[in-house]
2 protein chains.
Amino acid sequence: MNRANRAATLADVGREAGVSAMAASAVLNGARTSSRIAPETRERILAAAAKLRYRPNATARALANRRMNTIGVAGTIDGESVNHYLLEILSGILSSASTHQQNTTVFTLHDWERDAERLHDFCDGRIDGLILLAPMLTRAQARLLPSHTPFVALHANAPMPHVLNIESDEEHGAFLAVRALVQKGHRRILHFAGSPGRIGAERRIAGFKRALSSAGLPFDESLIVPTGFTTEEGRMVMRRWLSAHTGQPLPTAVFCANDGVAIGCTEALAEVGIRVPEDISVIGFDDTFAARSTAPQLTTIRQPLRAMGSRAVDLLLERIGASGASQLPEDVPPVVFPVELIERASTSVPPSTDRLIPAASVRV
Amino acid sequence: MNRANRAATLADVGREAGVSAMAASAVLNGARTSSRIAPETRERILAAAAKLRYRPNATARALANRRMNTIGVAGTIDGESVNHYLLEILSGILSSASTHQQNTTVFTLHDWERDAERLHDFCDGRIDGLILLAPMLTRAQARLLPSHTPFVALHANAPMPHVLNIESDEEHGAFLAVRALVQKGHRRILHFAGSPGRIGAERRIAGFKRALSSAGLPFDESLIVPTGFTTEEGRMVMRRWLSAHTGQPLPTAVFCANDGVAIGCTEALAEVGIRVPEDISVIGFDDTFAARSTAPQLTTIRQPLRAMGSRAVDLLLERIGASGASQLPEDVPPVVFPVELIERASTSVPPSTDRLIPAASVRV
DNA sequence: CTGAAAGCGCTTACAG
DNA sequence: CTGAAAGCGCTTACAG
């Protein structure tokens, strides 16, 4: 037993059961189950496998099958602040992969620009296909992606040749958010707009404008404020905005690029005693866990993030199954998921009289 | 070119360069670099590899080397609420693995009890070793772990035979937290104690008691309240506790089992107008990102979570390197990291007069 | 110092 | 219906 530290192999199981490795293979993996191996032989093999705690070696199987039964997910998942948006998509991916009996390997990138080359390293046989979470690849980088591995993207920032993209109707989401505010009577609506250059931010601004113009309201460029997409940025930007506008009338509502920004923004308002929704309405975007864990709970635009993650897995597995030859065409239309307005406690009618912006208290 | 959809192999590179696959292997992986392949041949091979975008196939290499250069991490990482504690450890793991040129595969478990068997499936050659994050395995389950894969645990709930455990000095952390409160003058200290049956909770209670007794203060069992370890639980438990004690004197401080609980607890206090730290001091545990992102920022006990994650990788790689034969002894002493008190804004001296607990307002 | 051979553990045609 | 052979892509001894 000098093999105590090696995992049992098919050959070991065969030897134990007095049959060939191949016979063991036949009964231990569904493949050739149909061929009738004598029931008692089958029992003997099963017993031997159990006794030796046999598990098929994944790398050997992958080498023979050209299939690892593992999908990869790449995204900027770690980082200073927790990204609920990515985590919720990831949770949809993990659960769908698991129902398809596929493993999932998560590759953490820090920066799409700099880490693009690493994507190639992942496509070395250890995964059968790769899901890109909110990739920021240039078209040139995307063109260099290995052609032997199928890719699916979620909310890609730019179309990528031969890559299927899954997104949600963000423009319409922004439209729904702002229309809801307008219908409650809001006229002076601030927009914390995410990061300039991000397609998601541009779409929110487009929806914002469309909602105003379809209500016959004027658009005031100065109410669009770039923020990034994190709670910290939401908090900082709101603090700065308030102290830059001390003494002026408070907008009656803020439409935030996502829930994280909305939460940070709410915290900064609370610091100076501005109440949500009594003094100002706040609306978020995404409907992540975070939206339900605040007080007041956040009115927001729901993107079906888990479902989008699941769909990414389904479509990727379809691509993987479609053997070799068939590559997607250069331009492939995106899959677009609908969004919906979720009304909770952070929005209401505007206050009857204008609030003035108080002087900011000093904060650590 | 009917191989367009296959990745280039060593044989392809060799053919392109007019040499054997083996010669290509020698120059493309450091291994036999020493053997002098004529510099111009070497150039030709390098050029061919670049032209064909050759990447060594990970599964073939793993099969030949019995080494995947990938470490696994298993833990209950997803779930309803974000676990900053695990994410911060994970971030230490990812960064150390990356400096060691190792990939990391994350396996998400939902429940240690039920998913213990899945750990076996991960040890099928796809990883070289596995880090268990806060495993809740029984000794019997631990004994069944495959012996051909090295394991390292972080904050295991019970000692596991042959498995190295990395932990922090939680008992001392609790002692430091409570001593700091006592030194400020606090006498009536509530403890939100985590989950009963968890070693971490027991150690916090032990440290709590030791701090009281070494200050000559009495211990009041009724001030120990089980909470779980999430923000939601902290919020709910504090709400319930306040409404169960309406009209009674407010404790002057709460020592919480972790930062998440402290944050939830602070939120519940804010809901009824109790101010931190003016009316009550709050202290957390862990010093995760979350502790610095609240207002007021949280006084807490710092565990070096990232460093602990890195160390887990280092020790695991050591185990992997120590070939076959050498298994760890049955009982292996844990690696214990020190903790420290981080004073921020959520603690201060107790108020000069007793606060009474107000009636809870109704909350969604 | 270099090339041909054998093997990692599995699977898939292909003969008996 | 079952067994022996060849191969997945790489690496590691082992002869020339």
# chains A, B, ... in the order shown; residues from 1 in each chain; ligands from 1
>>> residues_around(residues="Gly194 of chain A", least_positions_apart="2", cutoff="9 Å", atoms="only C-alpha atoms (C1' of nucleotides)", output="list in words")
Phe192, Pro196, Arg198, Gly200, Ala201, Glu202, Arg204, Val225, Pro226, Thr227, Gly228, Phe229, Thr230, Cys256, Ala257, Asn258 and Val261 of chain A
>>> write_last_selection(atoms="N, CA and C atoms", output="mmCIF file, in the first residue's frame")
data_model
loop_
_atom_site.group_PDB
_atom_site.id
_atom_site.type_symbol
_atom_site.label_atom_id
_atom_site.label_comp_id
_atom_site.auth_asym_id
_atom_site.auth_seq_id
_atom_site.Cartn_x
_atom_site.Cartn_y
_atom_site.Cartn_z
ATOM 1 N N PHE A 192 -27.424 61.234 -9.922
ATOM 2 C CA PHE A 192 -26.070 60.755 -9.630
ATOM 3 C C PHE A 192 -25.774 59.669 -10.646
ATOM 4 N N PRO A 196 -18.636 58.421 -16.141
ATOM 5 C CA PRO A 196 -18.647 58.840 -17.538
ATOM 6 C C PRO A 196 -17.922 57.798 -18.388
ATOM 7 N N ARG A 198 -19.068 54.965 -19.291
ATOM 8 C CA ARG A 198 -19.668 53.637 -19.138
ATOM 9 C C ARG A 198 -21.011 53.649 -19.831
ATOM 10 N N GLY A 200 -23.580 51.975 -19.334
ATOM 11 C CA GLY A 200 -24.702 51.961 -18.404
ATOM 12 C C GLY A 200 -25.047 53.368 -17.935
ATOM 13 N N ALA A 201 -24.021 54.168 -17.708
ATOM 14 C CA ALA A 201 -24.249 55.545 -17.272
ATOM 15 C C ALA A 201 -24.910 56.344 -18.396
ATOM 16 N N GLU A 202 -24.430 56.151 -19.601
ATOM 17 C CA GLU A 202 -25.014 56.880 -20.728
ATOM 18 C C GLU A 202 -26.479 56.526 -20.936
ATOM 19 N N ARG A 204 -28.570 55.482 -18.673
ATOM 20 C CA ARG A 204 -29.393 56.059 -17.608
ATOM 21 C C ARG A 204 -29.682 57.535 -17.912
ATOM 22 N N VAL A 225 -24.696 64.638 -12.219
ATOM 23 C CA VAL A 225 -23.422 64.632 -11.497
ATOM 24 C C VAL A 225 -22.769 63.253 -11.605
ATOM 25 N N PRO A 226 -21.566 63.184 -12.162
ATOM 26 C CA PRO A 226 -20.874 61.888 -12.222
ATOM 27 C C PRO A 226 -20.487 61.421 -10.824
ATOM 28 N N THR A 227 -20.611 60.121 -10.554
ATOM 29 C CA THR A 227 -20.374 59.639 -9.187
ATOM 30 C C THR A 227 -19.533 58.387 -9.086
ATOM 31 N N GLY A 228 -19.366 57.624 -10.147
ATOM 32 C CA GLY A 228 -18.907 56.250 -9.961
ATOM 33 C C GLY A 228 -20.074 55.379 -9.535
ATOM 34 N N PHE A 229 -19.769 54.144 -9.117
ATOM 35 C CA PHE A 229 -20.848 53.207 -8.819
ATOM 36 C C PHE A 229 -20.798 52.619 -7.416
ATOM 37 N N THR A 230 -20.010 53.214 -6.508
ATOM 38 C CA THR A 230 -19.888 52.606 -5.182
ATOM 39 C C THR A 230 -20.575 53.444 -4.109
ATOM 40 N N CYS A 256 -30.374 57.742 -8.501
ATOM 41 C CA CYS A 256 -28.981 57.282 -8.395
ATOM 42 C C CYS A 256 -28.689 56.148 -9.366
ATOM 43 N N ALA A 257 -27.455 56.102 -9.826
ATOM 44 C CA ALA A 257 -27.065 55.141 -10.863
ATOM 45 C C ALA A 257 -27.186 53.697 -10.400
ATOM 46 N N ASN A 258 -27.032 53.464 -9.105
ATOM 47 C CA ASN A 258 -27.317 52.127 -8.574
ATOM 48 C C ASN A 258 -27.636 52.210 -7.080
ATOM 49 N N VAL A 261 -24.805 53.614 -4.707
ATOM 50 C CA VAL A 261 -24.730 55.080 -4.732
ATOM 51 C C VAL A 261 -25.891 55.675 -3.930
#
>>> interface_residues(of="chain C", to="chain B", cutoff="12 Å", atoms="only C-alpha atoms (C1' of nucleotides)", output="PDB file with C-alpha atoms (C1' of nucleotides), in the first residue's frame")
ATOM      1  C1'  DC C   1      23.541  17.774 -25.477  1.00  0.00           C
ATOM      2  C1'  DT C   2      19.502  15.912 -28.265  1.00  0.00           C
ATOM      3  C1'  DG C   3      15.767  12.609 -29.923  1.00  0.00           C
ATOM      4  C1'  DA C   4      12.432   8.565 -29.452  1.00  0.00           C
ATOM      5  C1'  DA C   5       9.689   6.174 -25.923  1.00  0.00           C
ATOM      6  C1'  DA C   6       6.756   5.542 -22.135  1.00  0.00           C
ATOM      7  C1'  DG C   7       3.438   7.172 -19.094  1.00  0.00           C
ATOM      8  C1'  DC C   8      -0.070  10.401 -16.381  1.00  0.00           C
ATOM      9  C1'  DG C   9      -5.751   8.363 -16.029  1.00  0.00           C
ATOM     10  C1'  DC C  10      -9.324   8.368 -18.725  1.00  0.00           C
TER      11       DC C  10
END
>>> closest_residue(among="B:Glu267, B:Asp279, B:Glu330, B:Glu233", to="chain A", atoms="only C-alpha atoms")
B:Glu267
>>> closest_atom_pairs(of="chain A", to="chain B", cutoff="7 Å", atoms="only C-alpha atoms", output="CSV")
residue,atom,partner,partner_atom,distance
A:Asn5,CA,B:His148,CA,4.6
A:Arg6,CA,B:His148,CA,5.3
A:Ala7,CA,B:His148,CA,5.9
A:Arg55,CA,B:Asp124,CA,6.2
A:Pro56,CA,B:Asp124,CA,6.5
A:Asn57,CA,B:Asp124,CA,4.9
A:Ala58,CA,B:Asp124,CA,5.4
A:Thr59,CA,B:Thr59,CA,4.9
A:Ala60,CA,B:Leu63,CA,6.0
A:Ala62,CA,B:Thr59,CA,6.6
A:Leu63,CA,B:Thr59,CA,5.9
A:Asp78,CA,B:Ser91,CA,6.7
A:Ser91,CA,B:Asp78,CA,6.7
A:Thr105,CA,B:Thr105,CA,5.2
A:Val106,CA,B:Thr105,CA,6.2
A:Asp124,CA,B:Asn57,CA,4.9
A:Gly125,CA,B:Asn57,CA,5.4
A:Arg126,CA,B:Ala58,CA,5.9
A:Ser147,CA,B:Asn5,CA,6.2
A:His148,CA,B:Asn5,CA,4.6
A:Gly324,CA,B:Asn5,CA,5.6
A:Ala325,CA,B:Asn5,CA,6.6
>>> write_last_selection(atoms="C-alpha atoms", output="PDB file, in the first residue's frame")
ATOM      1  CA  ASN A   5      -1.279   8.915  -0.853  1.00  0.00           C
ATOM      2  CA  ARG A   6      -2.524   8.510  -4.360  1.00  0.00           C
ATOM      3  CA  ALA A   7      -6.126   8.667  -5.337  1.00  0.00           C
ATOM      4  CA  ARG A  55     -13.292   9.485  -7.958  1.00  0.00           C
ATOM      5  CA  PRO A  56     -12.528   9.902 -11.625  1.00  0.00           C
ATOM      6  CA  ASN A  57      -9.526  12.130 -12.156  1.00  0.00           C
ATOM      7  CA  ALA A  58     -10.812  15.357 -13.623  1.00  0.00           C
ATOM      8  CA  THR A  59      -7.715  16.215 -15.592  1.00  0.00           C
ATOM      9  CA  ALA A  60      -7.411  12.828 -17.256  1.00  0.00           C
ATOM     10  CA  ALA A  62     -10.799  16.382 -19.456  1.00  0.00           C
ATOM     11  CA  LEU A  63      -7.837  15.468 -21.595  1.00  0.00           C
ATOM     12  CA  ASP A  78     -12.884  41.713  -5.278  1.00  0.00           C
ATOM     13  CA  SER A  91     -25.003  33.757  -7.484  1.00  0.00           C
ATOM     14  CA  THR A 105     -14.115  28.744 -11.537  1.00  0.00           C
ATOM     15  CA  VAL A 106     -13.974  32.405 -10.669  1.00  0.00           C
ATOM     16  CA  ASP A 124      -5.824  26.658 -21.446  1.00  0.00           C
ATOM     17  CA  GLY A 125      -8.134  23.702 -21.101  1.00  0.00           C
ATOM     18  CA  ARG A 126      -9.162  24.229 -17.517  1.00  0.00           C
ATOM     19  CA  SER A 147     -11.254  31.479 -30.910  1.00  0.00           C
ATOM     20  CA  HIS A 148     -11.226  27.998 -29.452  1.00  0.00           C
ATOM     21  CA  GLY A 324     -16.092  23.428 -32.969  1.00  0.00           C
ATOM     22  CA  ALA A 325     -16.868  24.745 -36.379  1.00  0.00           C
TER      23      ALA A 325
END
>>> select_by_dssp(residues="segment 65-173 of chain A", states="alpha helix (DSSP H)", output="short mmCIF file (atom, residue, chain, number, x, y, z; two decimals) with N, CA and C atoms, in the first residue's frame")
data_model
loop_
_atom_site.label_atom_id
_atom_site.label_comp_id
_atom_site.auth_asym_id
_atom_site.auth_seq_id
_atom_site.Cartn_x
_atom_site.Cartn_y
_atom_site.Cartn_z
N ASN A 65 -11.68 13.80 -23.02
CA ASN A 65 -12.98 14.30 -23.52
C ASN A 65 -12.90 15.67 -24.16
N HIS A 84 -22.32 44.30 -4.88
CA HIS A 84 -23.52 43.48 -4.80
C HIS A 84 -24.04 43.09 -6.17
N TYR A 85 -23.87 44.00 -7.09
CA TYR A 85 -24.34 43.77 -8.45
C TYR A 85 -23.66 42.53 -9.04
N LEU A 86 -22.33 42.47 -8.95
CA LEU A 86 -21.62 41.32 -9.48
C LEU A 86 -21.92 40.06 -8.66
N LEU A 87 -22.01 40.22 -7.36
CA LEU A 87 -22.24 39.05 -6.51
C LEU A 87 -23.60 38.42 -6.81
N GLU A 88 -24.57 39.26 -7.12
CA GLU A 88 -25.90 38.70 -7.38
C GLU A 88 -25.91 37.98 -8.73
N ILE A 89 -25.25 38.54 -9.70
CA ILE A 89 -25.10 37.84 -10.98
C ILE A 89 -24.36 36.52 -10.75
N LEU A 90 -23.29 36.61 -9.99
CA LEU A 90 -22.48 35.42 -9.71
C LEU A 90 -23.32 34.33 -9.05
N SER A 91 -24.18 34.75 -8.16
CA SER A 91 -25.00 33.76 -7.48
C SER A 91 -25.94 33.06 -8.48
N GLY A 92 -26.46 33.79 -9.46
CA GLY A 92 -27.26 33.15 -10.52
C GLY A 92 -26.42 32.19 -11.34
N ILE A 93 -25.21 32.57 -11.61
CA ILE A 93 -24.30 31.72 -12.39
C ILE A 93 -24.00 30.43 -11.64
N LEU A 94 -23.65 30.57 -10.36
CA LEU A 94 -23.29 29.40 -9.57
C LEU A 94 -24.46 28.43 -9.49
N SER A 95 -25.66 28.98 -9.34
CA SER A 95 -26.76 28.05 -9.15
C SER A 95 -27.13 27.36 -10.46
N SER A 96 -27.09 28.09 -11.56
CA SER A 96 -27.41 27.44 -12.83
C SER A 96 -26.33 26.44 -13.21
N ALA A 97 -25.09 26.79 -13.00
CA ALA A 97 -24.00 25.87 -13.33
C ALA A 97 -24.17 24.58 -12.54
N SER A 98 -24.54 24.74 -11.29
CA SER A 98 -24.67 23.57 -10.45
C SER A 98 -25.82 22.67 -10.93
N THR A 99 -26.92 23.25 -11.39
CA THR A 99 -28.00 22.38 -11.89
C THR A 99 -27.59 21.70 -13.20
N TRP A 112 -9.68 45.75 -16.12
CA TRP A 112 -9.85 45.12 -17.44
C TRP A 112 -8.75 45.52 -18.41
N GLU A 113 -8.39 46.79 -18.36
CA GLU A 113 -7.34 47.26 -19.27
C GLU A 113 -6.08 46.40 -19.13
N ARG A 114 -5.62 46.31 -17.88
CA ARG A 114 -4.32 45.71 -17.67
C ARG A 114 -4.36 44.19 -17.65
N ASP A 115 -5.50 43.63 -17.26
CA ASP A 115 -5.55 42.18 -17.09
C ASP A 115 -6.10 41.43 -18.30
N ALA A 116 -6.36 42.15 -19.39
CA ALA A 116 -7.00 41.51 -20.54
C ALA A 116 -6.19 40.30 -20.99
N GLU A 117 -4.90 40.43 -20.94
CA GLU A 117 -4.04 39.33 -21.41
C GLU A 117 -4.25 38.06 -20.58
N ARG A 118 -4.58 38.24 -19.31
CA ARG A 118 -4.77 37.07 -18.44
C ARG A 118 -5.92 36.19 -18.90
N LEU A 119 -6.88 36.79 -19.60
CA LEU A 119 -8.00 35.99 -20.08
C LEU A 119 -7.51 34.83 -20.95
N HIS A 120 -6.44 35.08 -21.69
CA HIS A 120 -5.88 34.03 -22.54
C HIS A 120 -5.39 32.87 -21.70
N ASP A 121 -4.77 33.20 -20.57
CA ASP A 121 -4.21 32.15 -19.73
C ASP A 121 -5.30 31.23 -19.17
N PHE A 122 -6.48 31.78 -18.99
CA PHE A 122 -7.56 30.95 -18.44
C PHE A 122 -8.05 29.93 -19.46
N ARG A 139 -12.51 46.97 -28.54
CA ARG A 139 -12.82 46.08 -29.63
C ARG A 139 -11.56 45.33 -30.09
N ALA A 140 -10.44 46.02 -30.06
CA ALA A 140 -9.18 45.39 -30.47
C ALA A 140 -8.82 44.24 -29.53
N GLN A 141 -8.96 44.47 -28.23
CA GLN A 141 -8.68 43.40 -27.27
C GLN A 141 -9.63 42.23 -27.48
N ALA A 142 -10.90 42.58 -27.70
CA ALA A 142 -11.90 41.53 -27.86
C ALA A 142 -11.60 40.67 -29.08
N ARG A 143 -11.05 41.29 -30.10
CA ARG A 143 -10.76 40.55 -31.32
C ARG A 143 -9.65 39.52 -31.10
N GLU A 170 -31.55 49.21 -19.56
CA GLU A 170 -31.23 50.26 -18.59
C GLU A 170 -31.85 51.61 -18.95
N GLU A 171 -31.88 51.89 -20.23
CA GLU A 171 -32.47 53.17 -20.64
C GLU A 171 -33.92 53.23 -20.17
N HIS A 172 -34.63 52.15 -20.39
CA HIS A 172 -36.03 52.13 -19.99
C HIS A 172 -36.16 52.16 -18.46
N GLY A 173 -35.23 51.51 -17.78
CA GLY A 173 -35.24 51.55 -16.32
C GLY A 173 -35.14 52.98 -15.81
#
>>> atom_distance(atom1="atom CA of Gln102 of chain A", atom2="atom CA of Asp331 of chain A")
28.1 Å
>>> atom_distance(atom1="atom CA of Ile45 of chain A", atom2="atom CA of Ala21 of chain A")
9.9 Å
>>> select_by_dssp(residues="segment 103-147 of chain B", states="strand (DSSP E)", output="list in words")
Asn103, Thr104, Thr105, Val106, Phe107, Thr108, Gly129, Leu130, Ile131, Leu132 and Leu133 of chain B
>>> write_last_selection(atoms="C-alpha atoms", output="PDB file, in the first residue's frame")
ATOM      1  CA  ASN B 103      -4.666  29.828  -9.727  1.00  0.00           C
ATOM      2  CA  THR B 104      -7.499  29.784  -7.279  1.00  0.00           C
ATOM      3  CA  THR B 105     -10.786  27.991  -7.662  1.00  0.00           C
ATOM      4  CA  VAL B 106     -13.578  28.939  -5.327  1.00  0.00           C
ATOM      5  CA  PHE B 107     -16.088  26.297  -4.316  1.00  0.00           C
ATOM      6  CA  THR B 108     -19.240  27.671  -2.791  1.00  0.00           C
ATOM      7  CA  GLY B 129      -4.852  21.404  -2.185  1.00  0.00           C
ATOM      8  CA  LEU B 130      -7.868  22.928  -0.505  1.00  0.00           C
ATOM      9  CA  ILE B 131      -8.380  25.744   1.977  1.00  0.00           C
ATOM     10  CA  LEU B 132     -11.449  25.350   4.161  1.00  0.00           C
ATOM     11  CA  LEU B 133     -12.954  28.638   5.304  1.00  0.00           C
TER      12      LEU B 133
END
>>> atom_distance(atom1="atom CA of His162 of chain A", atom2="atom CA of Pro329 of chain A")
5.4 Å
